[in-house]
file entry.json (JSON, C-alpha atoms)
[["chain", "number", "residue", "atom", "x", "y", "z"],
["P", 1, "MET", "CA", 29.98, -31.18, -93.31],
["P", 2, "THR", "CA", 33.20, -30.30, -91.46],
["P", 3, "GLU", "CA", 33.31, -28.29, -88.24],
["P", 4, "GLN", "CA", 34.85, -25.35, -90.13],
["P", 5, "ASP", "CA", 32.09, -25.48, -92.77],
["P", 6, "LEU", "CA", 29.49, -25.41, -90.01],
["P", 7, "HIS", "CA", 31.17, -22.48, -88.30],
["P", 8, "ASP", "CA", 31.36, -20.61, -91.60],
["P", 9, "ASP", "CA", 27.64, -21.20, -92.21],
["P", 10, "VAL", "CA", 26.80, -19.74, -88.80],
["P", 11, "ARG", "CA", 29.06, -16.73, -89.36],
["P", 12, "GLU", "CA", 27.55, -16.04, -92.79],
["P", 13, "TYR", "CA", 24.00, -16.29, -91.45],
["P", 14, "TYR", "CA", 24.68, -13.64, -88.84],
["P", 15, "ARG", "CA", 26.66, -11.46, -91.22],
["P", 16, "GLU", "CA", 23.66, -11.31, -93.56],
["P", 17, "ALA", "CA", 21.26, -10.74, -90.68],
["P", 18, "ALA", "CA", 23.30, -8.09, -88.86],
["P", 19, "GLY", "CA", 21.20, -5.03, -88.18],
["P", 20, "THR", "CA", 18.18, -6.34, -90.07],
["P", 21, "ARG", "CA", 16.92, -9.25, -88.02],
["P", 22, "PRO", "CA", 13.34, -8.56, -86.89],
["P", 23, "ALA", "CA", 11.89, -8.89, -83.46],
["P", 24, "ALA", "CA", 10.33, -12.19, -82.47],
["P", 25, "PRO", "CA", 6.93, -12.73, -84.12],
["P", 26, "ALA", "CA", 3.92, -11.50, -82.20],
["P", 27, "GLY", "CA", 2.79, -14.11, -79.74],
["P", 28, "ASP", "CA", 6.14, -16.00, -79.80],
["P", 29, "ASP", "CA", 7.41, -15.54, -76.27],
["P", 30, "ARG", "CA", 10.39, -17.88, -76.62],
["P", 31, "TRP", "CA", 12.84, -15.25, -77.85],
["P", 32, "GLY", "CA", 13.78, -11.61, -77.67],
["P", 33, "ALA", "CA", 12.45, -8.74, -75.59],
["P", 34, "SER", "CA", 9.69, -10.86, -74.04],
["P", 35, "GLN", "CA", 12.35, -12.34, -71.74],
["P", 36, "TYR", "CA", 13.09, -8.96, -70.11],
["P", 37, "ASP", "CA", 11.07, -7.33, -67.36],
["P", 38, "ASP", "CA", 9.41, -3.96, -67.80],
["P", 39, "GLN", "CA", 12.01, -2.18, -65.67],
["P", 40, "ALA", "CA", 14.85, -3.32, -67.95],
["P", 41, "LEU", "CA", 12.91, -2.47, -71.10],
["P", 42, "ASP", "CA", 11.97, 0.96, -69.78],
["P", 43, "ALA", "CA", 15.68, 1.70, -69.36],
["P", 44, "VAL", "CA", 16.49, 1.38, -73.08],
["P", 45, "ASP", "CA", 15.07, 2.52, -76.39],
["P", 46, "GLU", "CA", 12.37, 0.23, -77.76],
["P", 47, "SER", "CA", 14.31, -0.33, -80.99],
["P", 48, "LEU", "CA", 17.29, -1.65, -79.01],
["P", 49, "ALA", "CA", 15.11, -4.05, -77.04],
["P", 50, "ASN", "CA", 13.59, -5.34, -80.25],
["P", 51, "MET", "CA", 17.03, -6.26, -81.60],
["P", 52, "SER", "CA", 17.34, -9.01, -79.04],
["P", 53, "MET", "CA", 16.79, -12.51, -80.34],
["P", 54, "GLY", "CA", 18.13, -14.19, -77.21],
["P", 55, "CYS", "CA", 16.39, -16.90, -75.25],
["P", 56, "GLY", "CA", 16.60, -15.34, -71.81],
["P", 57, "ASN", "CA", 17.76, -12.46, -69.64],
["P", 58, "PRO", "CA", 21.28, -13.13, -68.32],
["P", 59, "PHE", "CA", 21.52, -9.56, -67.03],
["P", 60, "ALA", "CA", 18.76, -10.29, -64.51],
["P", 61, "MET", "CA", 20.46, -13.49, -63.33],
["P", 62, "ALA", "CA", 24.00, -12.14, -62.91],
["P", 63, "ASP", "CA", 23.38, -10.12, -59.72],
["P", 64, "LEU", "CA", 25.85, -7.48, -60.88],
["P", 65, "GLN", "CA", 27.36, -5.18, -58.29],
["P", 66, "PRO", "CA", 28.81, -1.66, -58.58],
["P", 67, "GLY", "CA", 32.45, -1.71, -59.65],
["P", 68, "GLU", "CA", 32.39, -5.14, -61.27],
["P", 69, "VAL", "CA", 33.74, -5.95, -64.72],
["P", 70, "VAL", "CA", 31.30, -7.89, -66.88],
["P", 71, "LEU", "CA", 31.81, -9.53, -70.28],
["P", 72, "ASP", "CA", 28.96, -10.31, -72.67],
["P", 73, "LEU", "CA", 29.82, -13.04, -75.18],
["P", 74, "GLY", "CA", 28.08, -12.43, -78.49],
["P", 75, "SER", "CA", 26.94, -8.93, -77.62],
["P", 76, "GLY", "CA", 24.99, -8.18, -80.82],
["P", 77, "GLY", "CA", 23.23, -4.83, -80.65],
["P", 78, "GLY", "CA", 24.49, -4.23, -77.12],
["P", 79, "LEU", "CA", 21.34, -4.56, -75.01],
["P", 80, "ASP", "CA", 22.89, -6.62, -72.21],
["P", 81, "VAL", "CA", 26.12, -4.61, -72.35],
["P", 82, "ILE", "CA", 24.25, -1.34, -71.83],
["P", 83, "LEU", "CA", 22.06, -2.73, -69.05],
["P", 84, "SER", "CA", 25.13, -4.22, -67.34],
["P", 85, "ALA", "CA", 27.13, -1.00, -67.65],
["P", 86, "ARG", "CA", 24.40, 0.90, -65.87],
["P", 87, "ARG", "CA", 24.25, -1.69, -63.10],
["P", 88, "VAL", "CA", 28.01, -1.78, -62.40],
["P", 89, "GLY", "CA", 28.19, 2.02, -62.58],
["P", 90, "PRO", "CA", 31.06, 4.33, -63.46],
["P", 91, "THR", "CA", 33.56, 2.39, -61.34],
["P", 92, "GLY", "CA", 32.80, -0.79, -63.30],
["P", 93, "MET", "CA", 33.11, -1.80, -66.94],
["P", 94, "ALA", "CA", 31.01, -3.78, -69.41],
["P", 95, "TYR", "CA", 32.69, -5.45, -72.37],
["P", 96, "GLY", "CA", 30.80, -6.70, -75.40],
["P", 97, "LEU", "CA", 32.43, -9.30, -77.65],
["P", 98, "ASP", "CA", 31.22, -10.04, -81.17],
["P", 99, "PHE", "CA", 32.88, -11.30, -84.36],
["P", 100, "LEU", "CA", 30.82, -9.11, -86.70],
["P", 101, "GLU", "CA", 32.05, -5.57, -87.28],
["P", 102, "GLU", "CA", 28.48, -4.64, -88.24],
["P", 103, "MET", "CA", 27.24, -5.65, -84.80],
["P", 104, "LEU", "CA", 30.11, -3.90, -83.02],
["P", 105, "GLU", "CA", 29.31, -0.66, -84.84],
["P", 106, "LEU", "CA", 25.67, -1.08, -83.91],
["P", 107, "GLY", "CA", 26.52, -1.74, -80.27],
["P", 108, "ARG", "CA", 28.75, 1.32, -80.08],
["P", 109, "ALA", "CA", 26.08, 3.50, -81.66],
["P", 110, "ASN", "CA", 23.45, 2.19, -79.26],
["P", 111, "ALA", "CA", 25.71, 2.80, -76.26],
["P", 112, "ALA", "CA", 26.32, 6.37, -77.41],
["P", 113, "GLU", "CA", 22.60, 6.90, -77.92],
["P", 114, "ALA", "CA", 21.98, 5.57, -74.40],
["P", 115, "ASP", "CA", 24.70, 7.91, -73.05],
["P", 116, "VAL", "CA", 26.60, 5.00, -71.49],
["P", 117, "GLU", "CA", 30.38, 5.49, -71.38],
["P", 118, "ASN", "CA", 31.74, 2.59, -69.29],
["P", 119, "VAL", "CA", 31.49, 0.13, -72.20],
["P", 120, "THR", "CA", 34.02, -1.33, -74.60],
["P", 121, "PHE", "CA", 33.10, -3.43, -77.62],
["P", 122, "LEU", "CA", 35.72, -5.92, -78.79],
["P", 123, "ARG", "CA", 35.97, -7.86, -82.02],
["P", 124, "GLY", "CA", 36.79, -11.52, -81.61],
["P", 125, "MET", "CA", 35.56, -15.07, -81.25],
["P", 126, "ILE", "CA", 34.17, -16.54, -78.07],
["P", 127, "GLU", "CA", 36.70, -19.37, -78.49],
["P", 128, "ASP", "CA", 39.56, -16.84, -78.25],
["P", 129, "ILE", "CA", 38.56, -13.92, -76.01],
["P", 130, "PRO", "CA", 40.82, -10.86, -76.49],
["P", 131, "LEU", "CA", 41.14, -10.05, -72.78],
["P", 132, "PRO", "CA", 43.88, -10.84, -70.24],
["P", 133, "ASP", "CA", 43.75, -13.65, -67.73],
["P", 134, "ARG", "CA", 41.73, -12.95, -64.58],
["P", 135, "SER", "CA", 40.38, -9.63, -65.83],
["P", 136, "VAL", "CA", 36.61, -10.16, -65.50],
["P", 137, "ASP", "CA", 34.25, -10.68, -62.57],
["P", 138, "VAL", "CA", 31.20, -11.93, -64.47],
["P", 139, "VAL", "CA", 30.62, -13.54, -67.88],
["P", 140, "ILE", "CA", 27.14, -13.35, -69.37],
["P", 141, "SER", "CA", 25.77, -14.45, -72.74],
["P", 142, "ASN", "CA", 22.36, -14.76, -74.36],
["P", 143, "CYS", "CA", 21.70, -17.73, -76.65],
["P", 144, "VAL", "CA", 25.20, -17.70, -78.16],
["P", 145, "LEU", "CA", 27.22, -20.57, -76.70],
["P", 146, "ASN", "CA", 25.02, -23.14, -78.43],
["P", 147, "LEU", "CA", 26.19, -21.66, -81.76],
["P", 148, "ALA", "CA", 29.83, -22.67, -81.21],
["P", 149, "PRO", "CA", 30.67, -25.89, -83.07],
["P", 150, "ASP", "CA", 33.43, -26.67, -80.55],
["P", 151, "LYS", "CA", 32.39, -25.56, -77.10],
["P", 152, "THR", "CA", 35.42, -26.86, -75.17],
["P", 153, "PRO", "CA", 37.59, -23.78, -75.88],
["P", 154, "VAL", "CA", 34.67, -21.50, -75.06],
["P", 155, "PHE", "CA", 34.38, -22.87, -71.54],
["P", 156, "ALA", "CA", 38.18, -22.79, -71.16],
["P", 157, "GLU", "CA", 38.29, -19.15, -72.23],
["P", 158, "MET", "CA", 35.54, -18.16, -69.81],
["P", 159, "ALA", "CA", 37.49, -19.78, -66.98],
["P", 160, "ARG", "CA", 40.72, -18.08, -68.12],
["P", 161, "VAL", "CA", 39.38, -14.51, -68.15],
["P", 162, "LEU", "CA", 37.45, -14.83, -64.88],
["P", 163, "ARG", "CA", 39.07, -13.80, -61.64],
["P", 164, "PRO", "CA", 39.06, -16.30, -58.77],
["P", 165, "GLY", "CA", 35.60, -16.09, -57.26],
["P", 166, "GLY", "CA", 34.16, -14.92, -60.57],
["P", 167, "ARG", "CA", 30.99, -16.37, -62.01],
["P", 168, "ILE", "CA", 28.99, -17.01, -65.14],
["P", 169, "ALA", "CA", 25.29, -16.30, -65.66],
["P", 170, "ILE", "CA", 24.38, -17.48, -69.12],
["P", 171, "SER", "CA", 21.12, -17.86, -71.00],
["P", 172, "ASP", "CA", 21.48, -20.70, -73.47],
["P", 173, "VAL", "CA", 19.58, -23.46, -75.22],
["P", 174, "VAL", "CA", 20.09, -26.83, -73.56],
["P", 175, "ALA", "CA", 18.98, -30.18, -74.97],
["P", 176, "ASP", "CA", 17.51, -33.17, -73.23],
["P", 177, "ASP", "CA", 20.00, -35.97, -72.72],
["P", 178, "GLY", "CA", 20.02, -38.17, -75.80],
["P", 179, "THR", "CA", 19.12, -35.37, -78.24],
["P", 180, "GLU", "CA", 21.49, -35.38, -81.21],
["P", 181, "PRO", "CA", 22.79, -32.06, -82.63],
["P", 182, "SER", "CA", 22.13, -31.19, -86.28],
["P", 183, "ASP", "CA", 24.86, -30.41, -88.83],
["P", 184, "ASP", "CA", 22.65, -27.89, -90.63],
["P", 185, "GLY", "CA", 24.40, -24.51, -90.35],
["P", 186, "GLU", "CA", 21.23, -22.42, -90.64],
["P", 187, "ALA", "CA", 19.52, -24.53, -87.99],
["P", 188, "TRP", "CA", 22.47, -23.87, -85.67],
["P", 189, "ALA", "CA", 22.30, -20.14, -86.35],
["P", 190, "GLU", "CA", 18.59, -20.07, -85.56],
["P", 191, "CYS", "CA", 19.48, -21.33, -82.06],
["P", 192, "GLY", "CA", 19.06, -24.83, -80.76],
["P", 193, "ALA", "CA", 20.44, -27.36, -83.21],
["P", 194, "GLY", "CA", 23.91, -27.09, -81.66],
["P", 195, "ALA", "CA", 22.71, -27.19, -78.06],
["P", 196, "LEU", "CA", 24.57, -29.40, -75.62],
["P", 197, "ALA", "CA", 22.73, -32.06, -73.70],
["P", 198, "ARG", "CA", 22.25, -31.17, -70.05],
["P", 199, "THR", "CA", 24.62, -33.80, -68.64],
["P", 200, "THR", "CA", 27.28, -32.97, -71.22],
["P", 201, "TYR", "CA", 26.96, -29.26, -70.43],
["P", 202, "LEU", "CA", 27.55, -29.83, -66.72],
["P", 203, "THR", "CA", 30.46, -32.18, -67.42],
["P", 204, "MET", "CA", 32.16, -29.67, -69.72],
["P", 205, "LEU", "CA", 31.81, -26.91, -67.13],
["P", 206, "ALA", "CA", 33.41, -29.14, -64.52],
["P", 207, "ASP", "CA", 36.21, -30.12, -66.91],
["P", 208, "ALA", "CA", 36.93, -26.41, -67.46],
["P", 209, "GLY", "CA", 37.34, -25.96, -63.70],
["P", 210, "PHE", "CA", 33.96, -24.48, -62.79],
["P", 211, "THR", "CA", 32.20, -25.39, -59.57],
["P", 212, "ASP", "CA", 28.64, -25.09, -58.23],
["P", 213, "ALA", "CA", 27.25, -25.42, -61.76],
["P", 214, "SER", "CA", 23.49, -25.44, -62.24],
["P", 215, "ILE", "CA", 21.11, -25.45, -65.19],
["P", 216, "GLU", "CA", 17.60, -24.13, -64.67],
["P", 217, "TYR", "CA", 15.10, -24.49, -67.52],
["P", 218, "THR", "CA", 12.93, -21.45, -68.12],
["P", 219, "HIS", "CA", 10.82, -22.47, -71.11],
["P", 220, "ASP", "CA", 10.75, -24.86, -74.06],
["P", 221, "THR", "CA", 12.15, -23.68, -77.39],
["P", 222, "GLY", "CA", 11.55, -26.80, -79.47],
["P", 223, "PRO", "CA", 11.30, -30.59, -79.29],
["P", 224, "GLY", "CA", 13.79, -31.70, -76.65],
["P", 225, "LEU", "CA", 15.18, -28.17, -76.36],
["P", 226, "HIS", "CA", 14.90, -25.71, -73.51],
["P", 227, "ALA", "CA", 15.94, -22.15, -72.80],
["P", 228, "ALA", "CA", 17.93, -22.27, -69.60],
["P", 229, "THR", "CA", 19.86, -20.19, -67.11],
["P", 230, "VAL", "CA", 23.33, -21.64, -66.59],
["P", 231, "ARG", "CA", 25.31, -20.60, -63.53],
["P", 232, "ALA", "CA", 28.74, -21.62, -62.29],
["P", 233, "ALA", "CA", 31.66, -20.22, -60.32],
["P", 234, "ARG", "CA", 35.40, -20.07, -60.84],
["P", 235, "PRO", "CA", 37.20, -21.18, -57.66]]
call {"tool": "encode", "arguments": {"input": "entry.json", "output": "structure tokens"}}
result
Amino acid sequence: MTEQDLHDDVREYYREAAGTRPAAPAGDDRWGASQYDDQALDAVDESLANMSMGCGNPFAMADLQPGEVVLDLGSGGGLDVILSARRVGPTGMAYGLDFLEEMLELGRANAAEADVENVTFLRGMIEDIPLPDRSVDVVISNCVLNLAPDKTPVFAEMARVLRPGGRIAISDVVADDGTEPSDDGEAWAECGAGALARTTYLTMLADAGFTDASIEYTHDTGPGLHAATVRAARP
């Protein structure tokens, strides 16, 4: 299977699932709304919280401040965009980036329902972010980077759009060193099979120019796979 075939498989999986993917099964606390605290969940409609199939809560780890500009890579139904917009306030901005028009429409509808105006949803790929250089203070993402077949341009794009002193706070699936990725497109889309090994992840962040990188495991998601909070700074 070529890299393009794999990417197409992932895209098709999410296109078919857009707007219909169920909440995590009862008792499965690895994914979705179970990763958010009660305060965050109380701030949004229950149906929006249940759309999350992420592996963590990047919003809680980003330490957002009023007036900041935040970008959510793979914004889906818009949960983290809406929470971030409320945190940065009317002087800030929250961007959501997704490649599926279905998800963008859903995110915009959810933002309108939540009466949040300082949001903008953009269509594009995380490997080619449609924002200017040095235009963002914080990049967040929830269980999306592991889906990219080629992660090098993703890290480069994050570094490009961040202002000096900007930071990333990403929830992602990270593999134990020595774990080999799968070439099964559906397995990638279901989060984990495309996860980078921990050492590789840190090396790629450094190669992209990030400093002070750290990976903190939060819980196991499968054999040799862990949900993790990834932090780093742009000098």
call {"tool": "closest_residue", "arguments": {"input": "entry.json", "among": "P:Glu113, P:Leu147, P:Glu105, P:Leu162", "to": "Pro132 of chain P", "atoms": "all atoms listed in the file"}}
result
P:Leu162
call {"tool": "closest_atom_pairs", "arguments": {"input": "entry.json", "of": "segment 136-183 of chain P", "to": "segment 124-129 of chain P", "cutoff": "12 Å", "atoms": "all atoms listed in the file", "output": "CSV"}}
result
residue,atom,partner,partner_atom,distance
P:Val136,CA,P:Ile129,CA,11.3
P:Val139,CA,P:Ile126,CA,11.2
P:Ile140,CA,P:Ile126,CA,11.6
P:Ser141,CA,P:Ile126,CA,10.2
P:Val144,CA,P:Ile126,CA,9.0
P:Leu145,CA,P:Ile126,CA,8.1
P:Asn146,CA,P:Ile126,CA,11.3
P:Leu147,CA,P:Ile126,CA,10.2
P:Ala148,CA,P:Glu127,CA,8.1
P:Pro149,CA,P:Glu127,CA,10.0
P:Asp150,CA,P:Glu127,CA,8.3
P:Lys151,CA,P:Glu127,CA,7.7
P:Thr152,CA,P:Glu127,CA,8.3
P:Pro153,CA,P:Glu127,CA,5.2
P:Val154,CA,P:Glu127,CA,4.5
P:Phe155,CA,P:Glu127,CA,8.1
P:Ala156,CA,P:Glu127,CA,8.2
P:Glu157,CA,P:Ile129,CA,6.5
P:Met158,CA,P:Ile129,CA,8.1
P:Ala159,CA,P:Ile129,CA,10.8
P:Arg160,CA,P:Ile129,CA,9.2
P:Val161,CA,P:Ile129,CA,7.9
P:Leu162,CA,P:Ile129,CA,11.2
call {"tool": "closest_residue", "arguments": {"input": "entry.json", "among": "P:Ala195, P:Val70, P:Met103, P:Ala232", "to": "Leu83 of chain P", "atoms": "all atoms listed in the file"}}
result
P:Val70
call {"tool": "residues_around", "arguments": {"input": "entry.json", "residues": "segment 57-60 of chain P", "least_positions_apart": "4", "cutoff": "8 Å", "atoms": "only C-alpha atoms", "output": "PyMOL selection string"}}
result
chain P and resi 35-36+64+80+83-84+140-142+169-171+229
call {"tool": "write_last_selection", "arguments": {"input": "entry.json", "atoms": "C-alpha atoms", "output": "PDB file, keeping the file's coordinate frame"}}
result
ATOM      1  CA  GLN P  35      12.350 -12.340 -71.740  1.00  0.00           C
ATOM      2  CA  TYR P  36      13.090  -8.960 -70.110  1.00  0.00           C
ATOM      3  CA  LEU P  64      25.850  -7.480 -60.880  1.00  0.00           C
ATOM      4  CA  ASP P  80      22.890  -6.620 -72.210  1.00  0.00           C
ATOM      5  CA  LEU P  83      22.060  -2.730 -69.050  1.00  0.00           C
ATOM      6  CA  SER P  84      25.130  -4.220 -67.340  1.00  0.00           C
ATOM      7  CA  ILE P 140      27.140 -13.350 -69.370  1.00  0.00           C
ATOM      8  CA  SER P 141      25.770 -14.450 -72.740  1.00  0.00           C
ATOM      9  CA  ASN P 142      22.360 -14.760 -74.360  1.00  0.00           C
ATOM     10  CA  ALA P 169      25.290 -16.300 -65.660  1.00  0.00           C
ATOM     11  CA  ILE P 170      24.380 -17.480 -69.120  1.00  0.00           C
ATOM     12  CA  SER P 171      21.120 -17.860 -71.000  1.00  0.00           C
ATOM     13  CA  THR P 229      19.860 -20.190 -67.110  1.00  0.00           C
TER      14      THR P 229
END
call {"tool": "atom_distance", "arguments": {"input": "entry.json", "atom1": "atom CA of Thr120 of chain P", "atom2": "atom CA of Asp98 of chain P"}}
result
11.3 Å
call {"tool": "atom_distance", "arguments": {"input": "entry.json", "atom1": "atom CA of Ser214 of chain P", "atom2": "atom CA of Val138 of chain P"}}
result
15.7 Å
call {"tool": "atom_distance", "arguments": {"input": "entry.json", "atom1": "atom CA of Asp207 of chain P", "atom2": "atom CA of Ala228 of chain P"}}
result
20.1 Å
call {"tool": "build_atoms", "arguments": {"input": "entry.json", "residues": "segment 118-148 of chain P", "atoms": "N, CA and C atoms", "output": "short mmCIF file (atom, residue, chain, number, x, y, z; two decimals), in the frame of the given file"}}
result
data_model
loop_
_atom_site.label_atom_id
_atom_site.label_comp_id
_atom_site.auth_asym_id
_atom_site.auth_seq_id
_atom_site.Cartn_x
_atom_site.Cartn_y
_atom_site.Cartn_z
N ASN P 118 30.88 3.64 -69.85
CA ASN P 118 31.74 2.59 -69.29
C ASN P 118 31.53 1.26 -70.02
N VAL P 119 31.65 1.32 -71.35
CA VAL P 119 31.49 0.13 -72.20
C VAL P 119 32.65 0.09 -73.19
N THR P 120 33.03 -1.12 -73.55
CA THR P 120 34.02 -1.33 -74.60
C THR P 120 33.57 -2.53 -75.43
N PHE P 121 33.47 -2.34 -76.73
CA PHE P 121 33.10 -3.43 -77.62
C PHE P 121 34.36 -3.96 -78.32
N LEU P 122 34.53 -5.26 -78.27
CA LEU P 122 35.72 -5.92 -78.79
C LEU P 122 35.34 -6.86 -79.92
N ARG P 123 36.18 -6.91 -80.95
CA ARG P 123 35.97 -7.86 -82.02
C ARG P 123 36.77 -9.13 -81.74
N GLY P 124 36.10 -10.26 -81.84
CA GLY P 124 36.79 -11.52 -81.61
C GLY P 124 35.81 -12.67 -81.53
N MET P 125 36.35 -13.85 -81.35
CA MET P 125 35.56 -15.07 -81.25
C MET P 125 35.45 -15.49 -79.79
N ILE P 126 34.35 -16.11 -79.45
CA ILE P 126 34.17 -16.54 -78.07
C ILE P 126 35.11 -17.69 -77.72
N GLU P 127 35.70 -18.33 -78.73
CA GLU P 127 36.70 -19.37 -78.49
C GLU P 127 38.08 -18.79 -78.23
N ASP P 128 38.25 -17.48 -78.40
CA ASP P 128 39.56 -16.84 -78.25
C ASP P 128 39.33 -15.40 -77.80
N ILE P 129 38.99 -15.22 -76.54
CA ILE P 129 38.56 -13.92 -76.01
C ILE P 129 39.76 -12.98 -75.91
N PRO P 130 39.69 -11.79 -76.50
CA PRO P 130 40.82 -10.86 -76.49
C PRO P 130 40.90 -10.03 -75.21
N LEU P 131 40.97 -10.72 -74.07
CA LEU P 131 41.14 -10.05 -72.78
C LEU P 131 42.18 -10.82 -71.97
N PRO P 132 42.87 -10.15 -71.05
CA PRO P 132 43.88 -10.84 -70.24
C PRO P 132 43.28 -11.85 -69.28
N ASP P 133 44.14 -12.72 -68.77
CA ASP P 133 43.75 -13.65 -67.73
C ASP P 133 43.23 -12.88 -66.51
N ARG P 134 42.23 -13.45 -65.87
CA ARG P 134 41.73 -12.95 -64.58
C ARG P 134 41.41 -11.46 -64.62
N SER P 135 40.70 -11.05 -65.65
CA SER P 135 40.38 -9.63 -65.83
C SER P 135 38.90 -9.31 -65.70
N VAL P 136 38.06 -10.33 -65.47
CA VAL P 136 36.61 -10.16 -65.50
C VAL P 136 35.99 -10.78 -64.25
N ASP P 137 34.96 -10.13 -63.73
CA ASP P 137 34.25 -10.68 -62.57
C ASP P 137 33.08 -11.57 -62.97
N VAL P 138 32.42 -11.22 -64.07
CA VAL P 138 31.20 -11.93 -64.47
C VAL P 138 31.19 -12.10 -65.99
N VAL P 139 30.85 -13.29 -66.45
CA VAL P 139 30.62 -13.54 -67.88
C VAL P 139 29.14 -13.83 -68.08
N ILE P 140 28.52 -13.10 -69.00
CA ILE P 140 27.14 -13.35 -69.37
C ILE P 140 27.08 -13.65 -70.87
N SER P 141 25.97 -14.18 -71.32
CA SER P 141 25.77 -14.45 -72.74
C SER P 141 24.31 -14.83 -72.93
N ASN P 142 23.79 -14.53 -74.11
CA ASN P 142 22.36 -14.76 -74.36
C ASN P 142 22.17 -15.55 -75.65
N CYS P 143 22.00 -16.85 -75.52
CA CYS P 143 21.70 -17.73 -76.65
C CYS P 143 22.80 -17.66 -77.71
N VAL P 144 24.05 -17.77 -77.26
CA VAL P 144 25.20 -17.70 -78.16
C VAL P 144 26.08 -18.94 -78.06
N LEU P 145 26.29 -19.45 -76.85
CA LEU P 145 27.22 -20.57 -76.70
C LEU P 145 26.79 -21.78 -77.51
N ASN P 146 25.48 -21.98 -77.66
CA ASN P 146 25.02 -23.14 -78.43
C ASN P 146 25.39 -23.04 -79.91
N LEU P 147 25.81 -21.85 -80.36
CA LEU P 147 26.19 -21.66 -81.76
C LEU P 147 27.61 -22.14 -82.04
N ALA P 148 28.43 -22.30 -81.00
CA ALA P 148 29.83 -22.67 -81.21
C ALA P 148 29.94 -24.15 -81.56
#
